[in-house]
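Chemist: Enclosed is the structure file run21.pdb (PDB, C-alpha atoms, pLDDT in the B column).
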ATOM      1  CA  MET A   1     -50.135 -28.785 -15.208  1.00 86.00           C
ATOM      2  CA  GLU A   2     -49.644 -25.076 -16.033  1.00 87.00           C
ATOM      3  CA  VAL A   3     -49.226 -24.194 -12.349  1.00 90.00           C
ATOM      4  CA  LEU A   4     -46.645 -26.941 -11.912  1.00 90.00           C
ATOM      5  CA  LEU A   5     -44.754 -25.741 -15.006  1.00 90.00           C
ATOM      6  CA  SER A   6     -44.814 -22.115 -13.826  1.00 90.00           C
ATOM      7  CA  ILE A   7     -43.520 -23.176 -10.374  1.00 93.00           C
ATOM      8  CA  VAL A   8     -40.620 -25.059 -12.020  1.00 91.00           C
ATOM      9  CA  ILE A   9     -39.760 -22.057 -14.229  1.00 92.00           C
ATOM     10  CA  LEU A  10     -39.997 -19.689 -11.264  1.00 91.00           C
ATOM     11  CA  THR A  11     -37.747 -21.986  -9.207  1.00 91.00           C
ATOM     12  CA  ILE A  12     -35.132 -22.060 -11.966  1.00 90.00           C
ATOM     13  CA  VAL A  13     -35.188 -18.263 -12.298  1.00 89.00           C
ATOM     14  CA  LEU A  14     -34.973 -17.698  -8.529  1.00 86.00           C
ATOM     15  CA  THR A  15     -32.144 -20.215  -8.154  1.00 86.00           C
ATOM     16  CA  SER A  16     -30.172 -18.400 -10.870  1.00 83.00           C
ATOM     17  CA  VAL A  17     -30.753 -15.017  -9.221  1.00 80.00           C
ATOM     18  CA  MET A  18     -29.813 -16.336  -5.762  1.00 80.00           C
ATOM     19  CA  ASN A  19     -26.410 -17.470  -7.082  1.00 78.00           C
ATOM     20  CA  PHE A  20     -25.466 -13.810  -7.627  1.00 76.00           C
ATOM     21  CA  PHE A  21     -25.763 -12.846  -3.957  1.00 79.00           C
ATOM     22  CA  PRO A  22     -22.766 -14.838  -2.613  1.00 82.00           C
ATOM     23  CA  GLN A  23     -20.642 -13.599  -5.512  1.00 82.00           C
ATOM     24  CA  MET A  24     -21.647  -9.996  -4.817  1.00 84.00           C
ATOM     25  CA  GLY A  25     -20.809 -10.457  -1.142  1.00 85.00           C
ATOM     26  CA  GLN A  26     -17.378 -11.838  -1.990  1.00 87.00           C
ATOM     27  CA  LEU A  27     -16.749  -9.008  -4.445  1.00 89.00           C
ATOM     28  CA  ASN A  28     -17.783  -6.453  -1.799  1.00 90.00           C
ATOM     29  CA  ARG A  29     -15.357  -7.997   0.732  1.00 89.00           C
ATOM     30  CA  GLN A  30     -12.533  -7.841  -1.825  1.00 88.00           C
ATOM     31  CA  ASN A  31     -13.320  -4.212  -2.639  1.00 92.00           C
ATOM     32  CA  ILE A  32     -13.441  -3.293   1.047  1.00 92.00           C
ATOM     33  CA  GLY A  33     -10.071  -4.983   1.543  1.00 88.00           C
ATOM     34  CA  LYS A  34      -8.537  -3.098  -1.377  1.00 91.00           C
ATOM     35  CA  THR A  35     -10.009   0.212  -0.227  1.00 94.00           C
ATOM     36  CA  ASN A  36      -8.600  -0.331   3.255  1.00 92.00           C
ATOM     37  CA  ALA A  37      -5.197  -1.203   1.766  1.00 92.00           C
ATOM     38  CA  VAL A  38      -5.203   1.984  -0.327  1.00 94.00           C
ATOM     39  CA  ASN A  39      -5.961   4.024   2.793  1.00 94.00           C
ATOM     40  CA  VAL A  40      -3.235   2.231   4.775  1.00 94.00           C
ATOM     41  CA  ALA A  41      -0.730   2.873   1.962  1.00 94.00           C
ATOM     42  CA  LYS A  42      -1.587   6.583   1.873  1.00 96.00           C
ATOM     43  CA  GLU A  43      -1.324   6.882   5.666  1.00 96.00           C
ATOM     44  CA  GLU A  44       2.037   5.116   5.633  1.00 95.00           C
ATOM     45  CA  LEU A  45       3.247   7.436   2.867  1.00 96.00           C
ATOM     46  CA  ARG A  46       2.331  10.450   5.003  1.00 97.00           C
ATOM     47  CA  ARG A  47       4.024   8.903   8.040  1.00 96.00           C
ATOM     48  CA  TRP A  48       7.242   8.311   6.098  1.00 96.00           C
ATOM     49  CA  GLN A  49       7.150  11.809   4.590  1.00 96.00           C
ATOM     50  CA  LYS A  50       6.896  13.372   8.070  1.00 95.00           C
ATOM     51  CA  SER A  51       9.472  11.122   9.762  1.00 95.00           C
ATOM     52  CA  GLU A  52      12.424  13.082  11.134  1.00 94.00           C
ATOM     53  CA  ASP A  53      14.509   9.865  11.284  1.00 94.00           C
ATOM     54  CA  VAL A  54      14.007   9.320   7.557  1.00 95.00           C
ATOM     55  CA  LYS A  55      14.932  12.924   6.774  1.00 93.00           C
ATOM     56  CA  LEU A  56      18.092  12.587   8.888  1.00 93.00           C
ATOM     57  CA  LEU A  57      18.948   9.395   7.000  1.00 94.00           C
ATOM     58  CA  LEU A  58      18.483  11.080   3.619  1.00 93.00           C
ATOM     59  CA  ALA A  59      20.502  14.103   4.729  1.00 89.00           C
ATOM     60  CA  GLY A  60      23.380  11.773   5.639  1.00 88.00           C
ATOM     61  CA  LYS A  61      23.183  12.549   9.375  1.00 90.00           C
ATOM     62  CA  ALA A  62      22.112   9.014  10.419  1.00 90.00           C
ATOM     63  CA  ASP A  63      22.327   5.450   9.205  1.00 86.00           C
ATOM     64  CA  GLY A  64      19.485   3.092   8.314  1.00 85.00           C
ATOM     65  CA  ASN A  65      19.660   1.268  11.639  1.00 86.00           C
ATOM     66  CA  THR A  66      17.980   4.223  13.362  1.00 89.00           C
ATOM     67  CA  ILE A  67      14.731   3.197  11.631  1.00 93.00           C
ATOM     68  CA  PRO A  68      13.234  -0.058  12.969  1.00 92.00           C
ATOM     69  CA  GLU A  69      11.879  -1.177   9.571  1.00 94.00           C
ATOM     70  CA  TYR A  70      15.295  -0.902   7.880  1.00 95.00           C
ATOM     71  CA  THR A  71      16.372  -4.100   6.111  1.00 95.00           C
ATOM     72  CA  SER A  72      19.041  -3.213   3.551  1.00 95.00           C
ATOM     73  CA  GLU A  73      20.315  -0.805   0.954  1.00 94.00           C
ATOM     74  CA  ASP A  74      22.081  -0.802  -2.373  1.00 95.00           C
ATOM     75  CA  THR A  75      23.712   1.947  -4.383  1.00 94.00           C
ATOM     76  CA  ASN A  76      20.367   3.499  -5.347  1.00 96.00           C
ATOM     77  CA  TYR A  77      17.790   2.732  -2.631  1.00 97.00           C
ATOM     78  CA  TYR A  78      17.148   2.149   1.051  1.00 97.00           C
ATOM     79  CA  TYR A  79      14.790  -0.790   1.721  1.00 97.00           C
ATOM     80  CA  PHE A  80      12.385  -1.217   4.621  1.00 97.00           C
ATOM     81  CA  VAL A  81       9.857  -3.919   5.566  1.00 97.00           C
ATOM     82  CA  LYS A  82       7.059  -3.736   8.111  1.00 94.00           C
ATOM     83  CA  GLU A  83       4.245  -6.107   9.032  1.00 93.00           C
ATOM     84  CA  LEU A  84       0.808  -4.491   9.315  1.00 88.00           C
ATOM     85  CA  GLU A  85      -2.227  -6.482  10.489  1.00 81.00           C
ATOM     86  CA  SER A  86      -2.698  -8.911   7.571  1.00 86.00           C
ATOM     87  CA  LEU A  87      -0.457  -6.989   5.173  1.00 92.00           C
ATOM     88  CA  SER A  88       3.259  -6.786   4.558  1.00 95.00           C
ATOM     89  CA  MET A  89       4.627  -3.370   3.628  1.00 96.00           C
ATOM     90  CA  GLU A  90       7.734  -2.913   1.497  1.00 97.00           C
ATOM     91  CA  VAL A  91       9.217   0.563   1.234  1.00 97.00           C
ATOM     92  CA  LYS A  92      12.054   1.767  -0.947  1.00 97.00           C
ATOM     93  CA  ILE A  93      13.461   5.260  -0.847  1.00 97.00           C
ATOM     94  CA  LYS A  94      15.812   6.627  -3.451  1.00 96.00           C
ATOM     95  CA  LYS A  95      19.129   7.749  -1.984  1.00 94.00           C
ATOM     96  CA  VAL A  96      19.756  10.545  -4.468  1.00 93.00           C
ATOM     97  CA  SER A  97      17.367  13.463  -4.601  1.00 92.00           C
ATOM     98  CA  ASP A  98      15.337  13.885  -7.785  1.00 88.00           C
ATOM     99  CA  LEU A  99      15.225  17.626  -7.108  1.00 80.00           C
ATOM    100  CA  ASP A 100      18.673  19.111  -7.539  1.00 74.00           C
ATOM    101  CA  THR A 101      18.137  22.502  -5.955  1.00 79.00           C
ATOM    102  CA  GLU A 102      19.311  24.074  -2.742  1.00 80.00           C
ATOM    103  CA  PRO A 103      18.181  23.976  -0.035  1.00 85.00           C
ATOM    104  CA  THR A 104      15.224  21.675  -0.888  1.00 89.00           C
ATOM    105  CA  LYS A 105      15.664  17.977  -1.635  1.00 91.00           C
ATOM    106  CA  ALA A 106      13.027  15.488  -2.817  1.00 94.00           C
ATOM    107  CA  HIS A 107      13.635  11.743  -2.576  1.00 95.00           C
ATOM    108  CA  TYR A 108      11.377   9.277  -4.364  1.00 97.00           C
ATOM    109  CA  ILE A 109       9.529   6.816  -2.089  1.00 97.00           C
ATOM    110  CA  HIS A 110       7.606   3.740  -3.232  1.00 98.00           C
ATOM    111  CA  ILE A 111       5.309   1.793  -0.863  1.00 97.00           C
ATOM    112  CA  ARG A 112       3.954  -1.627  -1.749  1.00 97.00           C
ATOM    113  CA  LEU A 113       1.416  -3.605   0.319  1.00 96.00           C
ATOM    114  CA  ASN A 114       1.207  -7.375  -0.108  1.00 95.00           C
ATOM    115  CA  ASN A 115      -1.299  -9.804   1.367  1.00 91.00           C
ATOM    116  CA  GLU A 116      -0.429 -13.022   3.213  1.00 90.00           C
ATOM    117  CA  LYS A 117       0.015 -14.766  -0.171  1.00 91.00           C
ATOM    118  CA  ASN A 118       2.574 -12.095  -1.147  1.00 92.00           C
ATOM    119  CA  ALA A 119       0.246 -10.761  -3.848  1.00 93.00           C
ATOM    120  CA  LEU A 120       0.115  -7.015  -4.482  1.00 94.00           C
ATOM    121  CA  VAL A 121      -2.898  -5.395  -2.811  1.00 93.00           C
ATOM    122  CA  SER A 122      -1.990  -1.719  -3.113  1.00 95.00           C
ATOM    123  CA  GLU A 123       0.930   0.527  -3.891  1.00 95.00           C
ATOM    124  CA  THR A 124       1.610   4.208  -3.818  1.00 96.00           C
ATOM    125  CA  TYR A 125       4.539   6.518  -4.346  1.00 95.00           C
ATOM    126  CA  GLY A 126       5.521  10.073  -3.656  1.00 96.00           C
ATOM    127  CA  TYR A 127       8.418  12.213  -2.490  1.00 96.00           C
ATOM    128  CA  ILE A 128      10.002  12.955   0.842  1.00 95.00           C
ATOM    129  CA  ILE A 129      10.763  16.660   0.708  1.00 93.00           C
ATOM    130  CA  TYR A 130      12.998  18.417   3.227  1.00 91.00           C
ATOM    131  CA  ASP A 131      15.088  21.507   3.577  1.00 89.00           C
ATOM    132  CA  THR A 132      18.801  20.730   3.903  1.00 83.00           C
ATOM    133  CA  GLY A 133      19.240  23.767   6.122  1.00 78.00           C
ATOM    134  CA  ASP A 134      17.115  22.034   8.779  1.00 78.00           C
ATOM    135  CA  TYR A 135      19.313  18.896   8.791  1.00 74.00           C
TER
END
Render the structure in this file as structure tokens.
Modeler:
Amino acid sequence: MEVLLSIVILTIVLTSVMNFFPQMGQLNRQNIGKTNAVNVAKEELRRWQKSEDVKLLLAGKADGNTIPEYTSEDTNYYYFVKELESLSMEVKIKKVSDLDTEPTKAHYIHIRLNNEKNALVSETYGYIIYDTGDY
């Protein structure tokens, strides 16, 4: 009787412990997805900061249509959308420089990555800095 009771208790304990493993696996997959999205957002930020087309646009030497991701603009921002693997990237760049010095200009850029359900996965922001004498 004692052996049977100990087997039942051991089974209950092991069943409870085994329920944690699928949850940990799912949590690990979510964390990997978020980490990858953070890295993609940072890489995209660097790509936008180095883009000569974007710098020409901000310097007033080109229009938004020279950039394939361009979607629209308003009085304050340029808007861009790009599809990446399983993510959708939304970019907005401030038209007016936040740094009011010559010859350097710095325009605020905000990058947002959404999943297929349009939920926020990652976002980052920074500045596109350029010398007006170069453009």
Chemist: Which residues are close to Thr71 in chain A, i.e. within 7 Å by all atoms listed in the file, leaving aside same-chain residues fewer than 6 positions away? Reply as a ChimeraX atom specification.
Modeler: /A:79-81
Chemist: In file coordinates, which residues lie within 7 Å of (13.5, 3.2, 7.2) using only C-alpha atoms, given as a ChimeraX atom specification?
Modeler: /A:54,64,67-70,79-80
Chemist: Which one is closest to Ile109 in chain A: A:Phe21, A:Trp48, A:Tyr130, A:Tyr135? Count only C-alpha atoms.
Modeler: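 Counting only C-alpha atoms, the residue closest to Ile109 in chain A is A:Trp48.
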Chemist: Write out as a list in words the residues lying within 7 Å of Asp98 in chain A, counting all atoms listed in the file and excluding same-chain residues fewer than 4 positions away.
Modeler: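 In the requested form, the answer reads Ala106, His107 and Tyr108 of chain A.
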Chemist: Would you mind exporting C-alpha atoms of the selected residues as a CSV table (one decimal), in the frame of the given file?
Modeler:
chain,number,residue,atom,x,y,z
A,106,ALA,CA,13.0,15.5,-2.8
A,107,HIS,CA,13.6,11.7,-2.6
A,108,TYR,CA,11.4,9.3,-4.4
Chemist: Considering all atoms listed in the file, can you say which of A:Ile12, A:Ala119, A:Met18, A:Ile93 comes closest to Leu58 in chain A?
Modeler: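 Nearest to Leu58 in chain A: A:Ile93.
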Chemist: Using all atoms listed in the file, which residue out of A:Leu14, A:Leu4, A:Val38, A:Ile128 lies closest to Met89 in chain A?
Modeler: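 Of A:Leu14, A:Leu4, A:Val38, A:Ile128, the one nearest Met89 in chain A is A:Val38, counting all atoms listed in the file.
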Chemist: Rank A:Val121, A:Val17, A:Val91, A:Leu5 by their smallest atom-to-atom distance to Thr35 in chain A, using all atoms listed in the file, and report the top residue only.
Modeler: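 Closest to Thr35 in chain A of all the choices is A:Val121.
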Chemist: How far is it from CA of Leu99 in chain A to CA of Thr132 in chain A, in Å with one decimal?
Modeler: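 Taking CA of Leu99 in chain A as the start and CA of Thr132 in chain A as the end point, the length is 12.0 Å.
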Chemist: Quick one: of A:Asn118, A:Asn39, A:Ile129, A:Asn76, who's nearest to Glu102 in chain A, counting all atoms listed in the file?
Modeler: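 Using all atoms listed in the file, the shortest distance to Glu102 in chain A belongs to A:Ile129.
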Chemist: Quick one: residues within 12 Å of Lys117 in chain A, only C-alpha atoms counted, chain neighbours fewer than 4 positions away excluded, as a list in words?
Modeler: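 Close residues of Lys117 in chain A: Ser86, Leu87, Ser88, Leu113 and Val121 of chain A.
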Chemist: By how many Å are CA of Glu85 in chain A and CA of Leu56 in chain A apart?
Modeler: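 These two atoms are separated by 27.9 Å.
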Chemist: CA of Tyr127 in chain A and CA of Asp63 in chain A, how far apart in Å?
Modeler: 19.4 Å
Chemist: Using only C-alpha atoms, which residues sit within 9 Å of Lys42 in chain A once same-chain residues fewer than 2 positions away are excluded, as an NGL selection string?
Modeler: :A and (37-40 or 44-47 or 111 or 123-125)
Chemist: Find the residues around Tyr77 in chain A up to 7 Å (all atoms listed in the file counted), leave out those fewer than 4 positions away in its own chain, and share them as a PyMOL selection string.
Modeler: chain A and resi 73+92-95
Chemist: Output, as lines of an AutoDock Vina configuration file, the centre and edge lengths in Å (one decimal) of the axis-aligned box that contains all listed atoms of range 65-77 of chain A with 3 Å of margin on each side.
Modeler:
center_x = 17.8
center_y = 0.1
center_z = 4.0
size_x = 17.8
size_y = 14.3
size_z = 24.7
